[in-house]
Amino acid sequence: MTILPLPEEPLWSKLPPLRVAGPARAVSASAVEIPTGEGPLRIDTLAQGVRLRLGRQDAPSYPILVGEPEVRAATLVEEEGAIVLAWGGFRLSVARDPLAFVLEKDGRIVQRSGTDGHFVREHRLPPFARRPEGGWFAALDLAASEPVFGLGEKWGRLDKRGQLVRSLVFDALGVNGERAYKNAPFAWSPGAPGRSGWGCFVHTPATVTHAVGFALWSQRTYGIVVEDEALDLFLLAGDDGAAILRSYTDLTGRAPLPPYWSLGAILSKAYYRTADEILDAARKVRERGMPCDTITFDGRAWQDTDTRFHFFFDPKRYPDARPVLKQLREMGFRICVWEYPLVSVDGPYFGEFAAKGWLLTDRRTGEPYRYAFDPEPFGTVLTQLPESGIVDFTHPDAYRWWCEAHRELFEMGVDMIKSDFGEQVEPDCVAHNGDTGDRLHNVYPLLYNKCVYEAAEAWCPSGAFLFGRAGWAGSQRYPVQWGGDPQADWEGLAASIRGGLSWGTSGGPFHASDIGGFYKDRRDPELYVRWTQAALFVSHFRFHGIGEREPWAYGPAAEAAIRQALDLRYRLLPYIWSAVEEASRSGLPVQRAMALAFPGDPASWAFEEQWMCGPDLLVAACPRPGGDVEVYLPAGHWTRFPQGGEAIAGGRVLRLTLALDEIAVFARAGARIPLGPAVATSTAETGGIPKVETVWAG
């Protein structure tokens, strides 16, 4: 039997730690440089913390930050064995041998270099080290039982303590592994007794590995591996998660307000094959009195797969798409169309883009890079995608052309773009700005969605809005993001809930999932209903997946429960809109994990399939068949919503068994929930703005 080795001690644990090589030098009132054996360490003193930089600072930059952070003047004192900076209640002490730090705020530790000792070495993991193959390592300290949240849309436990997490954008092909479509190298903790809450943001486009108390390395250390020539760390202080998210989104931006109609139901599937099929579905929606705002032409619905992508409807099925769009709009639908940032080698754009240098090139040949999709995931359900070039959004002319090409779609009556994919940049790609795929890969979807969003801002008369799959730090500025391709089963539902909550703890305030699941047409009525009920209390709401996703395809009982749920969703829109407005102001998500919503109640943090929708509604999903739900009610009094009834004392767990049309939602005592009128068609019935008909008060 062969015993596989475990990565008990990473190679960089034995790297020599950095040491201070001379006296500190003030370069401005808020910046200091300290020489080390691997170049100067630059320290910038900020209003909410500190910024530490080592290594190359002249590599191509990307719009991850929204501007320069707010700085504060500091005093500099050289002490024996340490260099001390003080400003605005902060104190940073930098040790010389080895280079290490302690950051305090008002006398409490915010963060410090890892303190885990080793029988052989002073530090099990070096506080700072240069990796010989390129890149950097840094070690931060974790107190006993200190939880850590964030790091993007991850599908496992929200508390990342004990996990090895990679910030690497990936077409995850589901929601079951560590790989994720949306990543953010930003983590935070509410702290530990006697210590401040903190946030750590690695400002980089490159891949970052986070060993968050990963026991095979060190259970008391947060090890950070940055695969870039620059190490750029922001350490932020805050009393709780909401304050830290505010500071992080001060740096990376907040989501603008989406159009009000985007909160309504979006109907989609993979895919409506003909004009008659999508028009028939639209008519049935209206005939059955199902409220719905938007209907979707997914990729194969309007594109010729062999030649996509191009900015026109497949001429074989749509010699003139305008009459079809006109009929859909006359039925009161907004229209969504799909796109991705690749152009088929057999399509109309490849030759022109290649000649103009608008495609990423292959560093091995100098020719346009040809991306070949793996045929395995498509199986017999979806046709194979073509070999394609990848649009180079670092080329200003390519960026401008792609942006302006959307104009005709919006003028035809399209309201929304589903900006799919963006994870396909590979290491051998080279961009116009000189970067290779290693640095461009993660930030590529940020550039892509920025381009599409700016097109919608410029030319969409109904307001800028898109559905993006891939993302990086800063992607929250181009709303909204949806959770990729979950399996159509109960674990797909549970993981999608965790993914949305994890994205919310990472600065992404808006989210959606594929109601019913994407992979497999299992036609499970109970799963479909429970997924719909959970999605009522998330910012955006979309039916999507392979096979039928219309409610009437799941039987009369399911259709009745879905209709009841949709009625509640539309009546709740004024309340949800107020949470959307707050998210846009503060960065606090609509769908709030318990650690965000109840920072003073650590017992609640373990309940990762429930959340607060806005400030007053506690939602417990039912991610298992049979209707059994376990919900933790924090201290205080709660009332079942929307049925009302007697107040229920909190500080305990309730176990419920729900009927198919029943949901486990509780309102805080004294909450006043604004409700709109019943809607039969869409948000157009209220004039496309929130309209309060009554206020629910339990």
# chains A, B, ... in the order shown; residues from 1 in each chain; ligands from 1
>>> residues_around(residues="segment 73-88 of chain A", least_positions_apart="5", cutoff="10 Å", atoms="only C-alpha atoms", output="ChimeraX atom specification")
/A:20,23-26,28-32,34,43-49,93-106
>>> residues_around(residues="Gly492 of chain A", least_positions_apart="4", cutoff="7 Å", atoms="only C-alpha atoms", output="MDAnalysis selection string")
chainID A and resid 175 486:488 496 517
>>> residues_around(residues="segment 358-370 of chain A", least_positions_apart="5", cutoff="12 Å", atoms="only C-alpha atoms", output="number ranges by chain")
A: 341-346, 349-353, 386-402, 424-437, 440-441, 444
>>> write_last_selection(atoms="N, CA and C atoms", output="tab-separated table (two decimals), in the first residue's frame")
chain	number	residue	atom	x	y	z
A	341	PRO	N	-17.23	36.49	-23.16
A	341	PRO	CA	-16.19	37.31	-23.78
A	341	PRO	C	-15.24	36.50	-24.66
A	342	LEU	N	-15.79	35.53	-25.40
A	342	LEU	CA	-15.00	34.72	-26.31
A	342	LEU	C	-15.62	34.79	-27.70
A	343	VAL	N	-14.80	34.67	-28.73
A	343	VAL	CA	-15.31	34.70	-30.10
A	343	VAL	C	-14.80	33.46	-30.82
A	344	SER	N	-15.72	32.73	-31.42
A	344	SER	CA	-15.39	31.48	-32.10
A	344	SER	C	-14.41	31.72	-33.24
A	345	VAL	N	-13.50	30.77	-33.42
A	345	VAL	CA	-12.57	30.87	-34.56
A	345	VAL	C	-13.33	30.79	-35.87
A	346	ASP	N	-14.56	30.28	-35.85
A	346	ASP	CA	-15.39	30.21	-37.05
A	346	ASP	C	-16.45	31.31	-37.08
A	349	TYR	N	-16.11	37.58	-35.90
A	349	TYR	CA	-15.21	38.57	-35.34
A	349	TYR	C	-13.76	38.11	-35.25
A	350	PHE	N	-13.52	36.81	-35.28
A	350	PHE	CA	-12.19	36.31	-34.94
A	350	PHE	C	-11.10	36.91	-35.83
A	351	GLY	N	-11.29	36.86	-37.13
A	351	GLY	CA	-10.26	37.36	-38.04
A	351	GLY	C	-9.99	38.84	-37.85
A	352	GLU	N	-11.06	39.63	-37.74
A	352	GLU	CA	-10.90	41.07	-37.56
A	352	GLU	C	-10.20	41.39	-36.24
A	353	PHE	N	-10.63	40.74	-35.16
A	353	PHE	CA	-10.03	41.00	-33.85
A	353	PHE	C	-8.56	40.58	-33.83
A	386	PRO	N	-17.33	26.00	-29.15
A	386	PRO	CA	-16.28	26.04	-30.17
A	386	PRO	C	-14.95	26.54	-29.63
A	387	GLU	N	-13.87	26.18	-30.32
A	387	GLU	CA	-12.57	26.78	-30.05
A	387	GLU	C	-12.68	28.28	-30.31
A	388	SER	N	-12.13	29.08	-29.41
A	388	SER	CA	-12.41	30.52	-29.45
A	388	SER	C	-11.20	31.35	-29.06
A	389	GLY	N	-11.20	32.60	-29.53
A	389	GLY	CA	-10.29	33.60	-29.03
A	389	GLY	C	-10.90	34.31	-27.84
A	390	ILE	N	-10.06	34.93	-27.01
A	390	ILE	CA	-10.50	35.60	-25.80
A	390	ILE	C	-10.29	37.11	-25.98
A	391	VAL	N	-11.35	37.87	-25.83
A	391	VAL	CA	-11.27	39.32	-26.02
A	391	VAL	C	-10.31	39.93	-25.00
A	392	ASP	N	-9.46	40.82	-25.48
A	392	ASP	CA	-8.44	41.45	-24.62
A	392	ASP	C	-8.95	42.80	-24.13
A	393	PHE	N	-9.51	42.82	-22.91
A	393	PHE	CA	-10.07	44.06	-22.37
A	393	PHE	C	-9.00	45.01	-21.86
A	394	THR	N	-7.73	44.62	-21.90
A	394	THR	CA	-6.67	45.59	-21.58
A	394	THR	C	-6.33	46.45	-22.79
A	395	HIS	N	-6.82	46.07	-23.97
A	395	HIS	CA	-6.61	46.88	-25.18
A	395	HIS	C	-7.71	47.93	-25.24
A	396	PRO	N	-7.37	49.22	-25.18
A	396	PRO	CA	-8.43	50.24	-25.10
A	396	PRO	C	-9.38	50.22	-26.29
A	397	ASP	N	-8.88	49.90	-27.48
A	397	ASP	CA	-9.77	49.88	-28.65
A	397	ASP	C	-10.72	48.68	-28.60
A	398	ALA	N	-10.21	47.52	-28.16
A	398	ALA	CA	-11.08	46.35	-28.02
A	398	ALA	C	-12.15	46.61	-26.96
A	399	TYR	N	-11.74	47.19	-25.86
A	399	TYR	CA	-12.67	47.51	-24.77
A	399	TYR	C	-13.77	48.45	-25.28
A	400	ARG	N	-13.37	49.47	-26.00
A	400	ARG	CA	-14.33	50.46	-26.50
A	400	ARG	C	-15.29	49.83	-27.50
A	401	TRP	N	-14.75	49.02	-28.41
A	401	TRP	CA	-15.61	48.39	-29.43
A	401	TRP	C	-16.63	47.47	-28.77
A	402	TRP	N	-16.16	46.63	-27.83
A	402	TRP	CA	-17.06	45.68	-27.18
A	402	TRP	C	-18.16	46.42	-26.41
A	424	GLN	N	-11.70	31.98	-18.27
A	424	GLN	CA	-10.96	31.16	-19.22
A	424	GLN	C	-9.52	31.61	-19.52
A	425	VAL	N	-9.04	32.69	-18.91
A	425	VAL	CA	-7.68	33.15	-19.19
A	425	VAL	C	-6.68	32.16	-18.58
A	426	GLU	N	-5.74	31.69	-19.40
A	426	GLU	CA	-4.80	30.66	-18.97
A	426	GLU	C	-3.39	31.24	-18.88
A	427	PRO	N	-2.47	30.53	-18.20
A	427	PRO	CA	-1.13	31.09	-17.96
A	427	PRO	C	-0.38	31.51	-19.22
A	428	ASP	N	-0.57	30.81	-20.34
A	428	ASP	CA	0.18	31.14	-21.55
A	428	ASP	C	-0.42	32.32	-22.32
A	429	CYS	N	-1.52	32.89	-21.83
A	429	CYS	CA	-2.09	34.07	-22.48
A	429	CYS	C	-1.22	35.30	-22.18
A	430	VAL	N	-1.14	36.20	-23.16
A	430	VAL	CA	-0.45	37.48	-22.99
A	430	VAL	C	-1.40	38.58	-23.42
A	431	ALA	N	-1.47	39.64	-22.61
A	431	ALA	CA	-2.38	40.74	-22.87
A	431	ALA	C	-1.66	41.92	-23.52
A	432	HIS	N	-2.44	42.84	-24.06
A	432	HIS	CA	-1.91	44.05	-24.68
A	432	HIS	C	-1.07	44.85	-23.70
A	433	ASN	N	-1.43	44.84	-22.41
A	433	ASN	CA	-0.68	45.62	-21.42
A	433	ASN	C	0.60	44.93	-20.96
A	434	GLY	N	0.90	43.76	-21.53
A	434	GLY	CA	2.13	43.05	-21.21
A	434	GLY	C	2.00	41.98	-20.16
A	435	ASP	N	0.88	41.94	-19.45
A	435	ASP	CA	0.70	40.93	-18.42
A	435	ASP	C	0.43	39.56	-19.05
A	436	THR	N	0.87	38.53	-18.35
A	436	THR	CA	0.54	37.16	-18.74
A	436	THR	C	-0.71	36.71	-17.99
A	437	GLY	N	-1.18	35.54	-18.37
A	437	GLY	CA	-2.41	35.03	-17.78
A	437	GLY	C	-2.35	34.84	-16.29
A	440	LEU	N	-3.46	38.21	-15.09
A	440	LEU	CA	-4.71	38.68	-15.67
A	440	LEU	C	-5.90	37.80	-15.30
A	441	HIS	N	-5.64	36.52	-15.02
A	441	HIS	CA	-6.71	35.54	-14.90
A	441	HIS	C	-7.83	35.98	-13.94
A	444	TYR	N	-9.65	39.42	-14.86
A	444	TYR	CA	-10.29	39.50	-16.18
A	444	TYR	C	-11.81	39.69	-16.06
>>> closest_atom_pairs(of="segment 234-262 of chain A", to="segment 591-603 of chain A", cutoff="9 Å", atoms="only C-alpha atoms", output="tab-separated table")
residue	atom	partner	partner_atom	distance
A:Asp240	CA	A:Pro599	CA	6.3
A:Gly241	CA	A:Leu596	CA	5.4
A:Ala242	CA	A:Leu596	CA	6.2
>>> residues_around(residues="segment 505-511 of chain A", least_positions_apart="5", cutoff="9 Å", atoms="only C-alpha atoms", output="count of residues only")
49
>>> residues_around(residues="Lys316 of chain A", least_positions_apart="2", cutoff="12 Å", atoms="only C-alpha atoms", output="list in words")
Arg273, Thr274, Ala275, Ala301, Trp302, Gln303, Asp304, Thr305, Phe312, Phe313, Asp314, Tyr318, Pro319, Asp320 and Ala321 of chain A
>>> write_last_selection(atoms="C-alpha atoms", output="short mmCIF file (atom, residue, chain, number, x, y, z; two decimals), in the first residue's frame")
data_model
loop_
_atom_site.label_atom_id
_atom_site.label_comp_id
_atom_site.auth_asym_id
_atom_site.auth_seq_id
_atom_site.Cartn_x
_atom_site.Cartn_y
_atom_site.Cartn_z
CA ARG A 273 -34.94 26.89 -28.59
CA THR A 274 -37.21 28.91 -30.88
CA ALA A 275 -39.17 32.14 -30.97
CA ALA A 301 -31.48 30.51 -27.37
CA TRP A 302 -30.31 33.45 -29.46
CA GLN A 303 -26.77 32.58 -30.58
CA ASP A 304 -25.52 30.10 -33.14
CA THR A 305 -23.33 27.98 -30.86
CA PHE A 312 -26.85 39.56 -33.32
CA PHE A 313 -29.53 36.88 -33.13
CA ASP A 314 -29.00 33.59 -34.94
CA TYR A 318 -34.39 34.92 -36.08
CA PRO A 319 -34.09 36.53 -39.52
CA ASP A 320 -35.56 39.57 -37.75
CA ALA A 321 -35.67 39.42 -33.94
#
>>> residues_around(residues="Gly698 of chain A", least_positions_apart="6", cutoff="12 Å", atoms="only C-alpha atoms", output="JSON, numbers by chain")
{"A": [616, 617, 637, 638, 639, 640, 641, 642, 643, 644, 645, 646, 647, 648, 666, 667, 668, 669, 670, 671, 672, 673, 674]}
>>> select_by_dssp(residues="segment 164-366 of chain A", states="strand (DSSP E or B)", output="ChimeraX atom specification")
/A:164-167,169,180,182,186-189,195,197-202,208-212,221-226,230-238,265-267,270,294-297,334-339,342-344,359,361-362
>>> atom_distance(atom1="atom CA of His310 of chain A", atom2="atom CA of Gly422 of chain A")
15.8 Å
>>> closest_residue(among="A:Gln327, A:Ala372, A:Gly547, A:Trp696", to="Tyr272 of chain A", atoms="only C-alpha atoms")
A:Gly547
